[in-house]
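One structure below.
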Amino acid sequence: MIAPSILSADFARLADEINAVGGEPGKRADWLHVDVMDAHFVPNLTLGLPVVESILKTTEIPIDCHLMIENPDRWAIGYAEAGAHNVTVHAEAAADPIAIAKDLRAAGAKAGLSIKPGTDLDDYLEVLKHYDTLLVMSVEPGFGGQKFMSEVLPKARKARELVDTGHLKLLVEIDGGINADTIEQAAESGVDCFVAGSAVYNAEDPAKAVQALRDQAAPAFNAAHG
Ligand SMILES: O=C(CO)[C@H](O)[C@H](O)COP(=O)(O)O
């Protein structure tokens, strides 16, 4: 699955930028990744619930909300109630991540847990039993266009093993620095869903960039895990 991140889109032309990766299921982006940043949990400030509500009216692509915010215990539920498909909170910011996951699922969303590059996956193995998605950050969260940190791949590999052996039931997602040079190593590590901002929205044709990334990832994933 490819999830273009609108962080690298032109916000003044947001509907057009979203439509540029739209179309029929199977051909379009699988998810649309929306980065919510609060200038506290991360140093950057992006957008919040009112903009997500407008995006939800603009597209049929399932919305993947990545909340880089403090106090997700209070704020995450609103994104699920608005209709986001997957709502991801940061393990480092959540006071009660199991309660958040239960609330998100009760509101009809998938529950995602994200870990920063320096956060140990092992600390969250019990918590992850309550989640649908693990988002492994492969850059320090906050900005697009950063260099991919391959040192996080063992976490993706371990999560994949736990899924394949039935210990966890999760989609493994990765975010940060994913492009034509890095997507294959992530796919070989067992990642199912790839967030790509600059690699999609800095491309001349974002739809072709999505397809090219998918065409690269699928054989690498299948060779290692098919
Ligand atoms: O969460 C994020 C940054 O915190 C973005 O989703 C990420 O930066 C995507 O951009 P790029 O693919 O250019 O690295």
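Convention: chains lettered A, B, ... in structure tokens order; per-chain residue numbering from 1; ligands numbered from 1 as shown.
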
### Query
Got a sec to check which residues lie within 8 Å of ligand 1, using only C-alpha atoms and all ligand atoms, and send them as number ranges by chain?
A: 4-8, 33-35, 66, 68, 137, 139-148, 175-179, 195-200

### Task
Do a neighbour search on A:Gly112 at 12 Å with only C-alpha atoms, toss out local chain neighbours closer than 3 positions, and write the hits as number ranges by chain.
A: 64-67, 72, 76, 80, 84-91, 94, 97-98, 100-105, 109, 115, 127-136, 169-174

### Task
Using only C-alpha atoms, determine which residues lie at most 10 Å from A:Ala186, disregarding the query and same-chain residues fewer than 5 positions distant; provide the list as a PyMOL selection string.
chain A and resi 138+150+152-154+156-157+173-174+178+191-194+217+220-221

Take the residues from that selection and put them in a file with N, CA and C atoms, as a PDB file, in the first residue's frame.
```
ATOM      1  N   SER A 138      10.730   6.523  10.225  1.00  0.00           N
ATOM      2  CA  SER A 138      12.081   6.355   9.694  1.00  0.00           C
ATOM      3  C   SER A 138      12.759   7.705   9.480  1.00  0.00           C
ATOM      4  N   SER A 150      17.797   3.949   7.976  1.00  0.00           N
ATOM      5  CA  SER A 150      17.664   2.489   7.793  1.00  0.00           C
ATOM      6  C   SER A 150      17.828   1.734   9.111  1.00  0.00           C
ATOM      7  N   VAL A 152      16.122   1.887  11.628  1.00  0.00           N
ATOM      8  CA  VAL A 152      14.838   1.509  12.244  1.00  0.00           C
ATOM      9  C   VAL A 152      14.286   0.214  11.646  1.00  0.00           C
ATOM     10  N   LEU A 153      14.880  -0.260  10.559  1.00  0.00           N
ATOM     11  CA  LEU A 153      14.295  -1.419   9.866  1.00  0.00           C
ATOM     12  C   LEU A 153      14.203  -2.685  10.730  1.00  0.00           C
ATOM     13  N   PRO A 154      15.151  -2.933  11.649  1.00  0.00           N
ATOM     14  CA  PRO A 154      14.960  -4.111  12.508  1.00  0.00           C
ATOM     15  C   PRO A 154      13.629  -4.086  13.278  1.00  0.00           C
ATOM     16  N   ALA A 156      10.766  -2.895  12.072  1.00  0.00           N
ATOM     17  CA  ALA A 156       9.755  -3.342  11.107  1.00  0.00           C
ATOM     18  C   ALA A 156       9.851  -4.848  10.926  1.00  0.00           C
ATOM     19  N   ARG A 157      11.096  -5.339  10.865  1.00  0.00           N
ATOM     20  CA  ARG A 157      11.318  -6.771  10.664  1.00  0.00           C
ATOM     21  C   ARG A 157      10.750  -7.571  11.836  1.00  0.00           C
ATOM     22  N   GLU A 173       3.440  -0.105   8.904  1.00  0.00           N
ATOM     23  CA  GLU A 173       3.537   1.091   8.057  1.00  0.00           C
ATOM     24  C   GLU A 173       4.855   1.795   8.379  1.00  0.00           C
ATOM     25  N   ILE A 174       5.429   2.438   7.383  1.00  0.00           N
ATOM     26  CA  ILE A 174       6.676   3.181   7.618  1.00  0.00           C
ATOM     27  C   ILE A 174       6.537   4.582   7.044  1.00  0.00           C
ATOM     28  N   ILE A 178      10.885   7.755   2.378  1.00  0.00           N
ATOM     29  CA  ILE A 178      10.587   6.656   1.453  1.00  0.00           C
ATOM     30  C   ILE A 178      10.578   7.192   0.022  1.00  0.00           C
ATOM     31  N   VAL A 191       7.456  -4.361   5.553  1.00  0.00           N
ATOM     32  CA  VAL A 191       6.493  -3.246   5.644  1.00  0.00           C
ATOM     33  C   VAL A 191       5.380  -3.464   4.623  1.00  0.00           C
ATOM     34  N   ASP A 192       4.124  -3.232   5.072  1.00  0.00           N
ATOM     35  CA  ASP A 192       2.961  -3.364   4.168  1.00  0.00           C
ATOM     36  C   ASP A 192       2.552  -2.044   3.544  1.00  0.00           C
ATOM     37  N   CYS A 193       2.787  -0.947   4.258  1.00  0.00           N
ATOM     38  CA  CYS A 193       2.227   0.346   3.844  1.00  0.00           C
ATOM     39  C   CYS A 193       3.314   1.415   3.943  1.00  0.00           C
ATOM     40  N   PHE A 194       3.506   2.150   2.845  1.00  0.00           N
ATOM     41  CA  PHE A 194       4.611   3.086   2.731  1.00  0.00           C
ATOM     42  C   PHE A 194       4.063   4.503   2.591  1.00  0.00           C
ATOM     43  N   ALA A 217       7.849  -1.852  -4.655  1.00  0.00           N
ATOM     44  CA  ALA A 217       7.706  -2.458  -3.329  1.00  0.00           C
ATOM     45  C   ALA A 217       7.185  -3.892  -3.408  1.00  0.00           C
ATOM     46  N   ALA A 220       9.684  -6.763  -4.014  1.00  0.00           N
ATOM     47  CA  ALA A 220      10.648  -6.853  -2.898  1.00  0.00           C
ATOM     48  C   ALA A 220       9.988  -7.479  -1.684  1.00  0.00           C
ATOM     49  N   PHE A 221       8.737  -7.078  -1.408  1.00  0.00           N
ATOM     50  CA  PHE A 221       8.004  -7.660  -0.273  1.00  0.00           C
ATOM     51  C   PHE A 221       7.764  -9.154  -0.526  1.00  0.00           C
TER      52      PHE A 221
END
```

#### Entry: Exercise: A:Ile18 partners within 12 Å, only C-alpha atoms, chain neighbours under 4 positions left out, as a ChimeraX atom specification
/A:3-14,22-23,28-29,31-34,54-63,200-201,206-207

With C-alpha atoms kept, could you save the residues just selected as an mmCIF file, in the first residue's frame?
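Produced file part_2.cif, reproduced below:
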```cif
data_model
loop_
_atom_site.group_PDB
_atom_site.id
_atom_site.type_symbol
_atom_site.label_atom_id
_atom_site.label_comp_id
_atom_site.auth_asym_id
_atom_site.auth_seq_id
_atom_site.Cartn_x
_atom_site.Cartn_y
_atom_site.Cartn_z
ATOM 1 C CA ALA A 3 0.007 6.449 1.274
ATOM 2 C CA PRO A 4 1.041 9.818 -0.160
ATOM 3 C CA SER A 5 1.635 12.385 2.561
ATOM 4 C CA ILE A 6 0.023 15.722 1.822
ATOM 5 C CA LEU A 7 2.699 17.395 3.942
ATOM 6 C CA SER A 8 4.609 17.877 0.677
ATOM 7 C CA ALA A 9 1.541 19.000 -1.312
ATOM 8 C CA ASP A 10 0.698 22.594 -2.229
ATOM 9 C CA PHE A 11 -1.812 23.467 0.524
ATOM 10 C CA ALA A 12 -3.283 26.302 -1.559
ATOM 11 C CA ARG A 13 -4.322 23.692 -4.160
ATOM 12 C CA LEU A 14 -5.078 20.883 -1.744
ATOM 13 C CA GLY A 22 -7.135 9.721 -6.777
ATOM 14 C CA GLY A 23 -9.085 7.547 -9.201
ATOM 15 C CA ARG A 28 -5.242 5.383 -6.861
ATOM 16 C CA ALA A 29 -3.259 5.879 -3.668
ATOM 17 C CA TRP A 31 -4.494 5.715 1.753
ATOM 18 C CA LEU A 32 -4.006 9.470 1.959
ATOM 19 C CA HIS A 33 -1.656 10.306 4.813
ATOM 20 C CA VAL A 34 -2.520 13.488 6.708
ATOM 21 C CA SER A 54 -12.927 19.154 4.576
ATOM 22 C CA ILE A 55 -10.489 16.606 3.139
ATOM 23 C CA LEU A 56 -12.924 13.810 4.023
ATOM 24 C CA LYS A 57 -15.592 15.553 1.901
ATOM 25 C CA THR A 58 -13.144 15.924 -1.006
ATOM 26 C CA THR A 59 -11.986 12.358 -1.594
ATOM 27 C CA GLU A 60 -12.962 8.692 -1.484
ATOM 28 C CA ILE A 61 -9.386 7.690 -0.610
ATOM 29 C CA PRO A 62 -9.293 6.362 2.970
ATOM 30 C CA ILE A 63 -7.724 8.945 5.255
ATOM 31 C CA VAL A 200 5.094 11.683 -4.628
ATOM 32 C CA TYR A 201 4.362 15.400 -4.474
ATOM 33 C CA PRO A 206 2.150 12.184 -8.566
ATOM 34 C CA ALA A 207 -0.090 9.340 -9.816
#
```

#### Entry: Between atom CA of A:Val52 and atom CA of A:Gly108, distance in Å (one decimal)
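Distance between the two atoms: 16.3 Å.
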
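Comparing A:Thr182, A:Leu45, A:Leu168, A:Ala107 by their smallest distance to A:Glu126, the closest is A:Leu168 (using only C-alpha atoms).
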
### Message
Write out as a PyMOL selection string the set of residues from chain A that DSSP, computed on the backbone, places in alpha helix (DSSP H).
### Response
chain A and resi 14-19+49-58+72-82+97-106+153-164+183-188+198-201+206-225

Take the residues from that selection and write them out as a PDB file, in the first residue's frame, keeping C-alpha atoms.
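What follows is the written file out_9.pdb:
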```pdb
ATOM      1  CA  LEU A  14      -5.078  20.883  -1.744  1.00  0.00           C
ATOM      2  CA  ALA A  15      -8.156  19.431  -3.491  1.00  0.00           C
ATOM      3  CA  ASP A  16      -6.281  19.263  -6.815  1.00  0.00           C
ATOM      4  CA  GLU A  17      -3.264  17.722  -5.134  1.00  0.00           C
ATOM      5  CA  ILE A  18      -5.469  15.058  -3.515  1.00  0.00           C
ATOM      6  CA  ASN A  19      -7.260  14.359  -6.814  1.00  0.00           C
ATOM      7  CA  LEU A  49      -9.655  18.616  12.588  1.00  0.00           C
ATOM      8  CA  PRO A  50     -11.531  21.247  10.504  1.00  0.00           C
ATOM      9  CA  VAL A  51      -9.151  20.717   7.579  1.00  0.00           C
ATOM     10  CA  VAL A  52      -9.388  16.931   7.943  1.00  0.00           C
ATOM     11  CA  GLU A  53     -13.207  17.233   7.856  1.00  0.00           C
ATOM     12  CA  SER A  54     -12.927  19.154   4.576  1.00  0.00           C
ATOM     13  CA  ILE A  55     -10.489  16.606   3.139  1.00  0.00           C
ATOM     14  CA  LEU A  56     -12.924  13.810   4.023  1.00  0.00           C
ATOM     15  CA  LYS A  57     -15.592  15.553   1.901  1.00  0.00           C
ATOM     16  CA  THR A  58     -13.144  15.924  -1.006  1.00  0.00           C
ATOM     17  CA  PRO A  72      -3.846  12.380  21.933  1.00  0.00           C
ATOM     18  CA  ASP A  73      -5.934  10.888  24.761  1.00  0.00           C
ATOM     19  CA  ARG A  74      -8.127  13.991  24.425  1.00  0.00           C
ATOM     20  CA  TRP A  75      -7.945  14.770  20.697  1.00  0.00           C
ATOM     21  CA  ALA A  76      -7.630  11.525  18.699  1.00  0.00           C
ATOM     22  CA  ILE A  77     -11.278  10.511  19.047  1.00  0.00           C
ATOM     23  CA  GLY A  78     -12.478  13.540  17.018  1.00  0.00           C
ATOM     24  CA  TYR A  79     -10.605  12.327  13.939  1.00  0.00           C
ATOM     25  CA  ALA A  80     -12.204   8.890  14.216  1.00  0.00           C
ATOM     26  CA  GLU A  81     -15.673  10.379  14.707  1.00  0.00           C
ATOM     27  CA  ALA A  82     -15.121  12.611  11.666  1.00  0.00           C
ATOM     28  CA  PRO A  97      -2.648   4.047  24.640  1.00  0.00           C
ATOM     29  CA  ILE A  98      -4.900   1.031  25.237  1.00  0.00           C
ATOM     30  CA  ALA A  99      -7.846   3.288  26.139  1.00  0.00           C
ATOM     31  CA  ILE A 100      -7.178   5.382  23.027  1.00  0.00           C
ATOM     32  CA  ALA A 101      -7.203   2.283  20.804  1.00  0.00           C
ATOM     33  CA  LYS A 102     -10.492   1.114  22.312  1.00  0.00           C
ATOM     34  CA  ASP A 103     -12.051   4.559  21.764  1.00  0.00           C
ATOM     35  CA  LEU A 104     -10.829   4.762  18.164  1.00  0.00           C
ATOM     36  CA  ARG A 105     -12.163   1.318  17.317  1.00  0.00           C
ATOM     37  CA  ALA A 106     -15.488   2.025  19.038  1.00  0.00           C
ATOM     38  CA  LEU A 153      14.295  -1.419   9.866  1.00  0.00           C
ATOM     39  CA  PRO A 154      14.960  -4.111  12.508  1.00  0.00           C
ATOM     40  CA  LYS A 155      11.809  -2.839  14.267  1.00  0.00           C
ATOM     41  CA  ALA A 156       9.755  -3.342  11.107  1.00  0.00           C
ATOM     42  CA  ARG A 157      11.318  -6.771  10.664  1.00  0.00           C
ATOM     43  CA  LYS A 158      10.470  -7.765  14.236  1.00  0.00           C
ATOM     44  CA  ALA A 159       6.885  -6.507  13.867  1.00  0.00           C
ATOM     45  CA  ARG A 160       6.535  -8.516  10.647  1.00  0.00           C
ATOM     46  CA  GLU A 161       7.801 -11.658  12.404  1.00  0.00           C
ATOM     47  CA  LEU A 162       5.285 -11.153  15.208  1.00  0.00           C
ATOM     48  CA  VAL A 163       2.510 -10.759  12.653  1.00  0.00           C
ATOM     49  CA  ASP A 164       3.608 -13.763  10.617  1.00  0.00           C
ATOM     50  CA  ILE A 183      11.396   1.535  -0.585  1.00  0.00           C
ATOM     51  CA  GLU A 184      12.808  -1.873  -1.496  1.00  0.00           C
ATOM     52  CA  GLN A 185      14.777  -2.267   1.735  1.00  0.00           C
ATOM     53  CA  ALA A 186      11.669  -1.311   3.703  1.00  0.00           C
ATOM     54  CA  ALA A 187       9.562  -3.798   1.724  1.00  0.00           C
ATOM     55  CA  GLU A 188      12.140  -6.556   2.266  1.00  0.00           C
ATOM     56  CA  SER A 198       8.254  14.386  -1.251  1.00  0.00           C
ATOM     57  CA  ALA A 199       8.719  11.318  -3.496  1.00  0.00           C
ATOM     58  CA  VAL A 200       5.094  11.683  -4.628  1.00  0.00           C
ATOM     59  CA  TYR A 201       4.362  15.400  -4.474  1.00  0.00           C
ATOM     60  CA  PRO A 206       2.150  12.184  -8.566  1.00  0.00           C
ATOM     61  CA  ALA A 207      -0.090   9.340  -9.816  1.00  0.00           C
ATOM     62  CA  LYS A 208       2.797   7.799 -11.772  1.00  0.00           C
ATOM     63  CA  ALA A 209       5.049   8.194  -8.740  1.00  0.00           C
ATOM     64  CA  VAL A 210       2.537   6.251  -6.607  1.00  0.00           C
ATOM     65  CA  GLN A 211       2.378   3.452  -9.183  1.00  0.00           C
ATOM     66  CA  ALA A 212       6.170   3.351  -9.565  1.00  0.00           C
ATOM     67  CA  LEU A 213       6.642   3.020  -5.804  1.00  0.00           C
ATOM     68  CA  ARG A 214       4.026   0.244  -5.662  1.00  0.00           C
ATOM     69  CA  ASP A 215       5.687  -1.579  -8.569  1.00  0.00           C
ATOM     70  CA  GLN A 216       9.014  -1.435  -6.752  1.00  0.00           C
ATOM     71  CA  ALA A 217       7.706  -2.458  -3.329  1.00  0.00           C
ATOM     72  CA  ALA A 218       5.515  -5.423  -4.268  1.00  0.00           C
ATOM     73  CA  PRO A 219       8.236  -7.719  -5.720  1.00  0.00           C
ATOM     74  CA  ALA A 220      10.648  -6.853  -2.898  1.00  0.00           C
ATOM     75  CA  PHE A 221       8.004  -7.660  -0.273  1.00  0.00           C
ATOM     76  CA  ASN A 222       6.926 -10.880  -2.038  1.00  0.00           C
ATOM     77  CA  ALA A 223      10.510 -12.094  -2.499  1.00  0.00           C
ATOM     78  CA  ALA A 224      11.140 -11.768   1.235  1.00  0.00           C
ATOM     79  CA  HIS A 225       7.724 -12.636   2.675  1.00  0.00           C
TER      80      HIS A 225
END
```

#### Entry: DSSP-assigned strand (DSSP E) members of chain A, reported as a PyMOL selection string
chain A and resi 2-4+32-37+63-68+86-90+110-115+133-137+171-175+193-196

Store the residues picked out above in a file with C-alpha atoms, as a short mmCIF file (atom, residue, chain, number, x, y, z; two decimals), in the first residue's frame.
```
data_model
loop_
_atom_site.label_atom_id
_atom_site.label_comp_id
_atom_site.auth_asym_id
_atom_site.auth_seq_id
_atom_site.Cartn_x
_atom_site.Cartn_y
_atom_site.Cartn_z
CA ILE A 2 1.17 3.50 -0.84
CA ALA A 3 0.01 6.45 1.27
CA PRO A 4 1.04 9.82 -0.16
CA LEU A 32 -4.01 9.47 1.96
CA HIS A 33 -1.66 10.31 4.81
CA VAL A 34 -2.52 13.49 6.71
CA ASP A 35 0.07 14.81 9.16
CA VAL A 36 -1.43 16.70 12.09
CA MET A 37 1.32 18.58 13.95
CA ILE A 63 -7.72 8.95 5.26
CA ASP A 64 -4.74 7.95 7.37
CA CYS A 65 -4.37 10.57 10.12
CA HIS A 66 -0.99 10.73 11.81
CA LEU A 67 -1.35 12.76 14.97
CA MET A 68 1.98 14.27 16.01
CA ASN A 86 -6.96 5.00 10.39
CA VAL A 87 -5.98 7.27 13.28
CA THR A 88 -2.42 7.00 14.54
CA VAL A 89 -1.20 8.41 17.84
CA HIS A 90 2.34 8.53 19.13
CA LYS A 110 -8.62 1.61 12.79
CA ALA A 111 -6.22 2.37 15.62
CA GLY A 112 -2.59 3.14 14.84
CA LEU A 113 0.38 3.45 17.15
CA SER A 114 3.52 5.25 15.98
CA ILE A 115 7.01 4.99 17.43
CA THR A 133 -1.47 -0.44 12.61
CA LEU A 134 2.11 0.12 13.72
CA LEU A 135 3.70 3.21 12.15
CA VAL A 136 7.49 2.96 12.32
CA MET A 137 9.02 6.43 11.93
CA LEU A 171 -0.45 -3.60 9.38
CA VAL A 172 3.18 -2.44 9.41
CA GLU A 173 3.54 1.09 8.06
CA ILE A 174 6.68 3.18 7.62
CA ASP A 175 7.01 6.96 7.31
CA CYS A 193 2.23 0.35 3.84
CA PHE A 194 4.61 3.09 2.73
CA VAL A 195 4.06 6.77 3.44
CA ALA A 196 5.72 8.97 0.83
#
```

### Task
Excluding A:Glu70 and residues on its chain fewer than 4 positions from it, collect all residues at most 8 Å away from it, counting only C-alpha atoms, and give them as a count of residues only.
5

### Gap from atom CA of A:Gly190 to atom CA of A:Tyr124 - Å, one decimal
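Straight-line distance from atom CA of A:Gly190 to atom CA of A:Tyr124 works out to 18.5 Å.
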